[in-house]
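Have a look at the structure below, then the notes.
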Amino acid sequence: MKKKIWLMSLALLLAMSLVAIGCPAPQLVPDEPVPLLPALERVRVATTTSLYDTGLWAHLEPMFEEEFGVELDVLYAGTGIALEWGRRGDVDAIATHARAREEEFVAEGYGVERVVFAYNYFLIVGPADDPAGIKGLGPEEAFKRLMETGAGRFVSRGDDSGTHGKEKAIWREAGFDYEVVRGAEWYIEAGRGMGPTLVMASEEQAYTLTDMGTFLAFKADLDLVPLVTEGDILLNVYSVIAICPERHPRTNIEMANNLIDFLTSPAIQRLIGLYGVEEHGMALFTPAAGMEGK
Amino acid sequence: MTEIGQGFVKALELIISLDPEVMEIAWRSLRISAASTVLASLICIPIGGLIHFRSFRGKRILINIIQTFYSFPTVAIGLLVFLMISRAGPLGFLGILFTPAAMVVGQMVLITPILLGLTISALSGVDKAIKDTAISLGATEFQAIWAIIKEARYAVMAAVTMGFGRAISEVGCAMMVGGNIRGFTRIMTTAIALETVRGELELAIALGIILIGLALIINVVLNIIQQRYT
Amino acid sequence: MFLLEVANLHQKYGKKEVLKGVDLSVEKGEVLALIGPTGAGKTTVLRILDLLDAPAAGKIYFAGKDVTRYQRLRLETRRRMALVFQKPVAFKASVYDNIAYALKVRGHNGSDISAKVSSMLNTVDLADYGNRNAQTLSGGEAQRVALARAMITQPEVLLLDEPTANLDPLSTSMIENLIQRFNREYETTIIMATHDMAQGQRLAHRIGVLMNGELMQIGKPEEIFARPRNMKVAQFVGVENIIKGTISSNDGGVVSVDVDGKTIEGISDYHAGEEVSVCIRPEDITLALSKTSSSARNSFPAEIKLIASSGALARVELGCGFPLVALLTRRSAQEMGLEVGKDVYASFKATAAHIIKG
């Protein structure tokens, strides 16, 4: 008798735990089934944090899911991590913004093709009192000024992301060895995504390099103003790359291609171009499908 | 202070209004941690019983090692599990990286030392004569182990509760192997970590309140078990 | 063929040798009591017999089969026996579940278990106790539950370790009755360890005296008490009169023992000149007020040193050149008008003088 009860409760617990992994939450979020194994097809994209923090993915995700009947998993990662996951075959596509590294990734055979879908600009933001006096300068001059005066602090992403790469490129163009820069007392490495880095810069009243999209998305909560906004080097191009199925046969190349087609389709390109206008009074991104030279 | 105050008020609103996102994340946390605790218990309790039951060379050292692993850094376990189940890893064919299953596996690995160690010490509290009695009455080794576990059932329950507490409050491993995918692998701790650095404080505070509440409940349950039955 | 037999059993706990070559065998249906002082190794023997512990050396045969080592055979054999420990522990469960345990581990079905347990609860007179928490029972009740738990499978061999230690007289007699009943009704072979010699005498067909890891003597109870093999056994089984002397002559099995100038006659094979002790059970000594012409070959004038009564008996300490204790009924002591300082004659037969070496 007792033994049966023990066994039954054991079986019940086991069943519950399996159900727990596999079943959807009880109608708290009715349209979000959460299966353990891909009962529903899944496609996984590792995205640069700047795209994620603007809310663009959250905006596009349901549309894609509805159109293709698939679950889109968006993984929040800097460009460096996204590329590493891509190399390991842990994601089906990556959306990043570091042209040289992306081209290298494709050349190494990990990615099928680099497909540009949007761009915007980086800008240097900082406290309104601008202790180093960089307002209105070009990006390289601004960085020189920071280095020379040592006034104010600078928060770097410090996470091997696309933005971080861009920052390093600017230091290089300004004529500095990055290793020397990062040794400076006023230089802070956040090791975080774009949004978090902005939050931190605001808290510290420090300068930082950010993409326009994320800055606009976070602007309301930040005590930072745009200081440097013009310069060819500040161009920020977003591209999407499907992971090469020859390298990693288990990736979902079909859906990855669907995602690329989706992002570059005229309808979605138009949406990308309009994204943020309502909230911020200006677009966060410029659609750029077909501009492969960027 | 106003930030915290306002955040707190909004967080309470989110909880009281049963905000779908908050509830969904909390519910997923509970399910994943419950699953990993149950599965790990099913493995660890019998093995703990076996370790307790048998005498063998190096038993003491083994138990010491297990106890050392109680506070093994969760990110180290996260890294280990990531390397195992990443497509490029030896278990990559399972394709479970960035899924709840991966988080369950990670949490199971994470709480295994606690479950094993506390099970063994729970069983050590059982009168040695119970083992002899069971064996003498014709029990096989496993029947005798089961009898000992039943004798220590409240202490074993406390061990399981501790394991659950560690599983649900862990963030590093869940972040690394789950990927913190919204609506799929985002749980309370990873959501708090993300939302705090992104400045979305209300959601973070709301989830933090729920998490602390759960910790409180777990502690109360533990206390009740310990006071009433030991 | 013996049901259970052990040969040359050795056991060590660390460096300490607790069994030094014990040979023992019991027949089906027999009750054997192992008596001996605390620490003699009784529990160790029972644990080895129940196949709980493996001996350091020696063999165990169950129904003729060597069951010393093979694991499978050990479980199978263990399931034909049961051991009740000196301090039985109850599982944290109901009395019913405790008694049902041995059936459950053998995979009996629920209705069979239920029928057997209720019948057993009646047998041990705990019919209403099924749902009681087994850990809240009194000592006597707990012991009966332990006995019921062991007997539920009707084992061929029941091993009991001090089954009535620390029990009140009523509980003790209840347990003793149950032991006898199981032996008679189910022909259960019983091996029990006890330090209570009277209990051994009451219950056992044979008694084995275990001292310091050695089986000193084994035989029928009267044999053990009348003719202890050596001094230690004699002392342990309560022979009160142990008188040291030297054999002065041996005349065809009848020896004369010189004790401080007095001569005690007894039956023995020892030769003249050997140092011996003469054991005389107190109840074998008769007292008389005058020298009688009884058939007793030993008769000594003696002075009464002390009279103590215990129950219906009177214990009389005498001095007759050597100390002697006699036991007689209080009634006859009164009729004879025995009192301290009075001179009497103490007599006993040559056959009552058991002569041992040393």
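In the structure tokens, each chain is lettered A, B, ... as it comes, each chain's residues begin at 1, and ligands are numbered from 1 in order of appearance.
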
(message) Distance cut-off 6 Å, counting only C-alpha atoms - which residues of chain B neighbour chain C? Return them as number ranges by chain.
(response) B: 136-139, 151

Would you put the residues from that selection into a file with N, CA and C atoms, as a compact mmCIF listing (two decimals), in the first residue's frame?
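Once everything was written out, this is selection19.txt:
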```txt
# COMPACT_ATOMS: atom_id res chain seq x y z
N SER B 136 19.15 -7.66 8.03
CA SER B 136 18.80 -8.89 8.74
C SER B 136 17.39 -9.36 8.38
N LEU B 137 16.51 -8.41 8.09
CA LEU B 137 15.14 -8.79 7.73
C LEU B 137 15.03 -9.18 6.26
N GLY B 138 16.16 -9.27 5.59
CA GLY B 138 16.14 -9.82 4.24
C GLY B 138 16.21 -8.78 3.14
N ALA B 139 16.53 -7.53 3.48
CA ALA B 139 16.59 -6.50 2.45
C ALA B 139 17.84 -6.69 1.58
N GLU B 151 14.20 6.66 6.65
CA GLU B 151 14.41 7.07 8.04
C GLU B 151 14.82 8.55 8.10
```

(message) Need to verify the contact set: range 103-116 of chain A, 12 Å, only C-alpha atoms, exclusion of same-chain residues closer than 6 positions in sequence. Can you return it as a ChimeraX atom specification?
(response) /A:79-80,82-97,236-249,251,253,256-257,259-265,269,286-294

(request) From range 172-220 of chain A, collect each residue whose DSSP state is strand (DSSP E or B) and return the set as number ranges by chain. (result) A: 187-189, 207-211

Can I get the selection written as an mmCIF file, in the first residue's frame, with all heavy atoms?
```cif
data_model
loop_
_atom_site.group_PDB
_atom_site.id
_atom_site.type_symbol
_atom_site.label_atom_id
_atom_site.label_comp_id
_atom_site.auth_asym_id
_atom_site.auth_seq_id
_atom_site.Cartn_x
_atom_site.Cartn_y
_atom_site.Cartn_z
ATOM 1 N N TYR A 187 40.170 55.855 -17.948
ATOM 2 C CA TYR A 187 39.564 54.971 -18.938
ATOM 3 C C TYR A 187 38.918 53.777 -18.233
ATOM 4 O O TYR A 187 39.572 53.021 -17.519
ATOM 5 C CB TYR A 187 40.637 54.492 -19.901
ATOM 6 C CG TYR A 187 40.120 53.719 -21.101
ATOM 7 C CD1 TYR A 187 39.661 54.391 -22.226
ATOM 8 C CD2 TYR A 187 40.100 52.328 -21.110
ATOM 9 C CE1 TYR A 187 39.197 53.693 -23.331
ATOM 10 C CE2 TYR A 187 39.639 51.630 -22.205
ATOM 11 C CZ TYR A 187 39.192 52.313 -23.314
ATOM 12 O OH TYR A 187 38.728 51.626 -24.397
ATOM 13 N N ILE A 188 37.596 53.622 -18.422
ATOM 14 C CA ILE A 188 36.858 52.569 -17.713
ATOM 15 C C ILE A 188 36.372 51.532 -18.720
ATOM 16 O O ILE A 188 35.711 51.872 -19.702
ATOM 17 C CB ILE A 188 35.626 53.153 -16.983
ATOM 18 C CG1 ILE A 188 36.077 54.255 -16.014
ATOM 19 C CG2 ILE A 188 34.845 52.074 -16.264
ATOM 20 C CD1 ILE A 188 34.934 55.133 -15.550
ATOM 21 N N GLU A 189 36.654 50.250 -18.471
ATOM 22 C CA GLU A 189 36.132 49.199 -19.351
ATOM 23 C C GLU A 189 34.904 48.573 -18.696
ATOM 24 O O GLU A 189 34.987 47.953 -17.641
ATOM 25 C CB GLU A 189 37.208 48.141 -19.595
ATOM 26 C CG GLU A 189 38.382 48.707 -20.393
ATOM 27 C CD GLU A 189 39.416 47.637 -20.706
ATOM 28 O OE1 GLU A 189 39.057 46.673 -21.400
ATOM 29 O OE2 GLU A 189 40.563 47.776 -20.259
ATOM 30 N N TYR A 207 32.358 60.230 -20.709
ATOM 31 C CA TYR A 207 32.138 60.150 -22.153
ATOM 32 C C TYR A 207 32.007 58.691 -22.554
ATOM 33 O O TYR A 207 32.530 57.795 -21.906
ATOM 34 C CB TYR A 207 33.336 60.740 -22.904
ATOM 35 C CG TYR A 207 33.588 62.207 -22.617
ATOM 36 C CD1 TYR A 207 34.586 62.606 -21.742
ATOM 37 C CD2 TYR A 207 32.825 63.182 -23.261
ATOM 38 C CE1 TYR A 207 34.824 63.932 -21.480
ATOM 39 C CE2 TYR A 207 33.068 64.532 -23.013
ATOM 40 C CZ TYR A 207 34.066 64.903 -22.120
ATOM 41 O OH TYR A 207 34.301 66.228 -21.874
ATOM 42 N N THR A 208 31.317 58.464 -23.681
ATOM 43 C CA THR A 208 31.361 57.124 -24.261
ATOM 44 C C THR A 208 31.014 57.199 -25.737
ATOM 45 O O THR A 208 30.415 58.176 -26.204
ATOM 46 C CB THR A 208 30.409 56.144 -23.534
ATOM 47 O OG1 THR A 208 30.696 54.827 -23.983
ATOM 48 C CG2 THR A 208 28.946 56.443 -23.824
ATOM 49 N N LEU A 209 31.418 56.140 -26.432
ATOM 50 C CA LEU A 209 31.064 56.020 -27.846
ATOM 51 C C LEU A 209 29.835 55.146 -27.930
ATOM 52 O O LEU A 209 29.802 54.056 -27.350
ATOM 53 C CB LEU A 209 32.214 55.381 -28.624
ATOM 54 C CG LEU A 209 31.953 55.176 -30.122
ATOM 55 C CD1 LEU A 209 32.007 56.506 -30.867
ATOM 56 C CD2 LEU A 209 32.966 54.198 -30.724
ATOM 57 N N THR A 210 28.797 55.634 -28.643
ATOM 58 C CA THR A 210 27.575 54.831 -28.741
ATOM 59 C C THR A 210 27.038 54.915 -30.155
ATOM 60 O O THR A 210 27.362 55.838 -30.906
ATOM 61 C CB THR A 210 26.514 55.334 -27.740
ATOM 62 O OG1 THR A 210 25.291 54.631 -27.983
ATOM 63 C CG2 THR A 210 26.238 56.823 -27.918
ATOM 64 N N ASP A 211 26.203 53.913 -30.475
ATOM 65 C CA ASP A 211 25.500 54.023 -31.758
ATOM 66 C C ASP A 211 24.286 54.923 -31.542
ATOM 67 O O ASP A 211 23.754 55.024 -30.428
ATOM 68 C CB ASP A 211 25.080 52.650 -32.264
ATOM 69 C CG ASP A 211 24.082 52.016 -31.343
ATOM 70 O OD1 ASP A 211 24.478 51.612 -30.229
ATOM 71 O OD2 ASP A 211 22.899 51.953 -31.709
#
```

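Excluding Glu176 in chain C and any residue on its chain fewer than 3 positions from it, the residues at most 9 Å away by only C-alpha atoms are Pro163, Thr164, Ser171, Thr172, Ser173, Ile179, Gln180, Arg181, Gln199, Arg202 and Leu203 of chain C.
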
Using the selection just defined, write its residues with N, CA, C and O atoms as a short mmCIF file (atom, residue, chain, number, x, y, z; two decimals), in the first residue's frame.
```cif
data_model
loop_
_atom_site.label_atom_id
_atom_site.label_comp_id
_atom_site.auth_asym_id
_atom_site.auth_seq_id
_atom_site.Cartn_x
_atom_site.Cartn_y
_atom_site.Cartn_z
N PRO C 163 17.22 -11.21 24.48
CA PRO C 163 15.86 -10.78 24.16
C PRO C 163 15.11 -10.13 25.32
O PRO C 163 14.14 -9.42 25.09
N THR C 164 15.57 -10.33 26.53
CA THR C 164 14.82 -9.75 27.65
C THR C 164 15.67 -8.83 28.51
O THR C 164 15.27 -8.50 29.62
N SER C 171 7.02 -8.47 31.18
CA SER C 171 7.40 -8.47 29.76
C SER C 171 8.34 -9.62 29.47
O SER C 171 8.25 -10.28 28.42
N THR C 172 9.24 -9.89 30.42
CA THR C 172 10.19 -10.98 30.23
C THR C 172 9.46 -12.30 30.05
O THR C 172 9.74 -13.06 29.13
N SER C 173 8.48 -12.54 30.90
CA SER C 173 7.81 -13.83 30.79
C SER C 173 6.97 -13.89 29.52
O SER C 173 6.84 -14.94 28.90
N ILE C 179 8.81 -17.05 22.70
CA ILE C 179 9.95 -17.80 22.16
C ILE C 179 9.63 -19.29 22.16
O ILE C 179 9.81 -20.00 21.17
N GLN C 180 9.09 -19.76 23.28
CA GLN C 180 8.75 -21.18 23.37
C GLN C 180 7.67 -21.55 22.37
O GLN C 180 7.69 -22.61 21.74
N ARG C 181 6.71 -20.62 22.21
CA ARG C 181 5.61 -20.90 21.31
C ARG C 181 6.09 -21.00 19.86
O ARG C 181 5.69 -21.91 19.14
N GLN C 199 17.41 -18.13 32.57
CA GLN C 199 16.64 -18.08 31.33
C GLN C 199 17.13 -19.16 30.36
O GLN C 199 16.34 -19.86 29.73
N ARG C 202 15.73 -22.33 31.47
CA ARG C 202 14.29 -22.47 31.22
C ARG C 202 13.99 -22.78 29.77
O ARG C 202 13.13 -23.58 29.46
N LEU C 203 14.68 -22.11 28.83
CA LEU C 203 14.27 -22.15 27.44
C LEU C 203 15.07 -23.11 26.57
O LEU C 203 14.56 -23.62 25.57
#
```

(message) Near chain A, meaning an atom within 7 Å, which residues of chain B appear when counting only C-alpha atoms? Write them as a PyMOL selection string.
(response) chain B and resi 20+23-24+27+31-32+34-35+38+86-88+100-101+179-181+184+197-199

(request) Any chance you could list, as a PyMOL selection string, the residues in range 99-183 of chain C that come up helix (DSSP H, G or I) when DSSP is run on the backbone? (result) chain C and resi 99-105+110-123+127-129+134-136+139-151+169-183

Would you export the selected residues with C-alpha atoms as a compact mmCIF listing (two decimals), in the first residue's frame, please?
```txt
# COMPACT_ATOMS: atom_id res chain seq x y z
CA ILE C 99 6.17 -5.86 11.02
CA ALA C 100 5.37 -5.95 7.32
CA TYR C 101 8.90 -4.95 6.29
CA ALA C 102 10.41 -8.40 5.79
CA LEU C 103 7.44 -9.41 3.63
CA LYS C 104 7.66 -6.23 1.56
CA VAL C 105 11.32 -6.68 0.74
CA GLY C 110 -0.64 -6.46 -0.20
CA SER C 111 -3.44 -8.80 0.86
CA ASP C 112 -1.01 -11.51 1.88
CA ILE C 113 0.98 -9.01 3.92
CA SER C 114 -2.16 -7.65 5.54
CA ALA C 115 -3.38 -11.11 6.56
CA LYS C 116 -0.03 -12.20 7.95
CA VAL C 117 0.59 -8.98 9.84
CA SER C 118 -2.82 -9.00 11.53
CA SER C 119 -2.36 -12.59 12.55
CA MET C 120 1.09 -11.82 13.91
CA LEU C 121 -0.22 -8.77 15.78
CA ASN C 122 -2.67 -11.11 17.51
CA THR C 123 0.06 -13.58 18.31
CA ALA C 127 -3.84 -6.44 17.93
CA ASP C 128 -4.83 -2.78 18.29
CA TYR C 129 -1.35 -1.40 17.75
CA ALA C 134 6.44 2.25 16.37
CA GLN C 135 8.79 4.70 18.03
CA THR C 136 6.41 5.56 20.85
CA GLY C 139 10.32 -1.36 26.06
CA GLY C 140 8.27 -4.54 26.32
CA GLU C 141 6.00 -3.56 23.44
CA ALA C 142 8.94 -2.60 21.27
CA GLN C 143 10.57 -5.95 21.96
CA ARG C 144 7.38 -7.77 20.97
CA VAL C 145 7.18 -5.73 17.77
CA ALA C 146 10.80 -6.62 17.04
CA LEU C 147 10.05 -10.28 17.64
CA ALA C 148 6.94 -10.11 15.45
CA ARG C 149 8.91 -8.31 12.73
CA ALA C 150 11.50 -11.07 12.76
CA MET C 151 8.98 -13.92 12.91
CA PRO C 169 9.45 -9.44 34.82
CA LEU C 170 6.02 -9.42 33.17
CA SER C 171 7.40 -8.47 29.76
CA THR C 172 10.19 -10.98 30.23
CA SER C 173 7.81 -13.83 30.79
CA MET C 174 5.69 -12.72 27.82
CA ILE C 175 8.74 -12.77 25.57
CA GLU C 176 9.86 -16.12 26.94
CA ASN C 177 6.43 -17.58 26.28
CA LEU C 178 6.51 -16.30 22.71
CA ILE C 179 9.95 -17.80 22.16
CA GLN C 180 8.75 -21.18 23.37
CA ARG C 181 5.61 -20.90 21.31
CA PHE C 182 7.45 -20.12 18.10
CA ASN C 183 9.79 -23.02 18.75
```
